[in-house]
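Chemist: Shown below is the structure under consideration.
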Amino acid sequence: MSGLQNLAYGFAQLFIVKTLLLMLGGVSVGLVIGSLPGLSATMGVALFLPITYWLSASDSLVFLGSLYMAAIYGGSFSAILLRTPGTPSNIGTTFDGYPMAKQGRGWEAILTATFASLYGALFGLIMFLIFAPMLARIALKFGPPEYFWLGIFGLTVISSLSRGNTLKGFIGGLIGVLLSTIGVAPVGGNVRFTFNMPQLIGGVGLIPALVGLFCIPQVIEMILNRSKQQLYQEAKVQRGLVRKTFVNVMKRQIDLLRASVIGFIIGVLPGAGGNIANLVAYSEAVRASKHPEKFGTGIPEGVIATEASNNAVVGGGFVPLMTLGVPGTPVDAILYGALLMQGLRPGVELFTTRADVVYTFIAGVILASLVMVPVGLAFGRGMAKLITKIPLSLLAPTILFLTMVGSYCVSNNISDVYMMLILGFLGFVLRKLGFEAGPITLGLILGPIIESGLVQGLLIGRQLTQPWLIFITRPLCWVFIVLSVFFLLWPVFLKKRIVVSGGEQK
Amino acid sequence: MIADIVVSIFILIFSFVLFDQTKQYNYLSAVFPRFLLGLLMILSVVLLVRAIVLWKKRRVSAAGSISLKDFFYICLVAILSFLWVYVMDWVLGFLLGSIVFGIVIFAILAGRSLKAKQFVLFSLGYCAIVFIFWYTLGRLLRVPFPRGLFF
């Protein structure tokens, strides 16, 4: 079947009541999670991932994809009304969104964020539909040496684009890869680094690790902020503003396109995500503007830049995930886990042999992007207000409970819960020491890809005078070598580009 | 910076220990961990050198410190979390264990900032969430949750 036929099939699948309800459920849950300061989209997807175990592959992905997209959008509500970004992808939205709300233009800011998010989301997903099949065709030519370099490339990018310290990003990525080597070796067969603990023979479970590393540090942050109060800015609905704002947003095609392209490209790069994209898009919007001094005082351009880019990241992140089996963003790392849990191997095989699942998923996320607009506008403001009333002291044990359910349900094994807690508390200590969870988890996923590529490549290379020559004699390997070197030098370039500006956040 | 020095030394020692373990494995099982541990050792040395240089220049990093009270709360919640899993598995079971420990942690974290009425209301809300999960997953989807001594 061609891509368009597959997409038509995907949309047809959405008209099954169960799938439609799951999509709506994903949007609603995503909006709540996104609006809750402290709960990121990554954490939301990680929390609900094990619960989708009982669903079919398409239904599970439609639910999680809808949740992801809506959470990124939902984060703008708290960014605008509470000056607290709901997810790290909405940091830039506080720069101009909150000043707009303070000026009594909260509703206009929400509408601007909504239409920009919709534009960015649809742009990213359409780009996915154009580029993913092309990349999948190239990926068919990959052998073990190419996969080895692809993993290395992913590792250089996740580390160099990690927030804060680049060196620690690299070390964090390697710690993640090292965690992936625990248990039985995929080719040699030896049991490695278990310290005689039988629980470790099966290795570190991906889902408990993801849930622990992303959720437990957030729970601890809630413990630290347990007595803090949120300051809520009212956003009064003004009649006739919806159409006016829609026209105003759509008039800014250059701003929308620039932000969406930035978001999509950053999404495609393994390891980067909305948290970087929204700041890069904001700084580019400031640079390109004729009146940069107005940024940070409450202008719609600032909101458009951040919200279009962070939603475009979603589609961008799906490209390497679905075609190469390399997650583009931390949330994609969790979706990678979702695919594995459903017995599907992310990568080119999935795209060619189970295109029905991929296209139903994309169709579901496209529809979710459209549905989140009315749902968000109807309930978003109310949710942001309600959220201020829930004490963090209650939220912390509730999330702790959900993490336990999540890590237990995958294999009904209590040692997974212990593993999740250990990795979670360790993740918090590492975060305090400057090692982010993103590179660690992506290292955990890339580790087996790199190891299999390396060992299988060495076995194939035995026919050459030196087995390792196989890693430097194939043209596609050089593409990844050059890209890896380029992205090793990327942080130097990036430091000059990201200018975090805006009001008191300067 | 002192934290970075300690971390890099810890990673170095740990890498040496793991590298030594790889001697027991066959070539195909050991080649990748050795490559990885070698890289990790090099980066740890770089981190160590950089931390020492910055320490000598007296450039203290602005890493957020945790107060003793907050540290106590984190430790308490960590201990209670592990106890929660242990007791849930062996004594109280999933439903009762989750309700008891969840409310205990909520009460500890809330302190005196909540009124009794609010506390009861929120606790009931939490119990409802636990019950919904227990019923949906445990009863409808037949997930074998830990039963403990009761149910």
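Chain lettering (A, B, ...) mirrors the order of the structure tokens, residue numbering begins at 1 for each chain separately, and ligand numbering begins at 1 in order of display.
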Show me, as a ChimeraX atom specification, every residue of chain A with an atom at most 9 Å from chain B, counting only C-alpha atoms.

Modeler: /A:51,54,167-168,170-171,174-175,177-178,181,184-193,220,223-224,226-227,390-398,400-402,404-405,408-409,412,414,417-418,421,425,432-434,450-451,454-455

Chemist: Out of region 27-132 of chain B, which residues get alpha helix (DSSP H) from DSSP, as a PyMOL selection string?

Modeler: chain B and resi 27-56+68-87+93-110+116-132

Chemist: Give the answer as one residue: which of A:Pro320, A:Gly343, A:Gly325, A:Pro448 has the shortest atom-to-atom distance to Gly183 (chain A), using only C-alpha atoms?

Modeler: A:Pro448

Chemist: Name all residues at most 8 Å from Val87 (chain B) (count only C-alpha atoms; drop same-chain ones fewer than 5 positions away) and give them as a list of chain:residue names.

Modeler: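 These residues fall inside the cut-off: B:Leu92, B:Gly93, B:Gly97, B:Gly148.
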
Chemist: Let's see if you can do this: from backbone DSSP, list all strand (DSSP E or B) residues in region 82-227 of chain A, as a PyMOL selection string.

Modeler: chain A and resi 183-184+191-192

Chemist: Take CA of Gln218 (chain A) and CA of Ser78 (chain A) and report the distance between them in Å, one decimal.

Modeler: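 Here the two named atoms are 16.9 Å from each other.
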
Chemist: What gap, in Å, lies between CA of Ile262 (chain A) and CA of Ala109 (chain A)?

Modeler: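 Interatomic distance, CA of Ile262 (chain A) to CA of Ala109 (chain A): 21.5 Å.
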
Chemist: Given the choices A:Ala277, A:Gly457, A:Gly364, A:Ala8, which gets closest to Arg474 (chain A) if the distance is worked out from only C-alpha atoms?

Modeler: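 Among A:Ala277, A:Gly457, A:Gly364, A:Ala8, it is A:Gly457 that comes nearest to Arg474 (chain A).
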
Chemist: A:Glu307, A:Leu213, A:Val373, A:Phe351: which is nearest Leu430 (chain A), counting only C-alpha atoms?

Modeler: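 Closest to Leu430 (chain A) of all the choices is A:Leu213.
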
Chemist: Mind pulling up the distance from CA of Asn90 (chain A) to CA of Thr306 (chain A)?

Modeler: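 For CA of Thr306 (chain A) relative to CA of Asn90 (chain A), the distance reads 6.9 Å.
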
Chemist: Under the rule that only C-alpha atoms are counted, which of A:Ile422, A:Leu488, A:Ala363, A:Ala41 is the nearest residue to Gln13 (chain A)?

Modeler: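 Selected residue with least distance to Gln13 (chain A): A:Ala363.
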
Chemist: As an NGL selection string, please: the residues near Ser117 (chain A) (cut-off 7 Å, only C-alpha atoms, same-chain neighbours under 3 positions excluded).

Modeler: :A and (73 or 113-114 or 120-121 or 307-308 or 311)
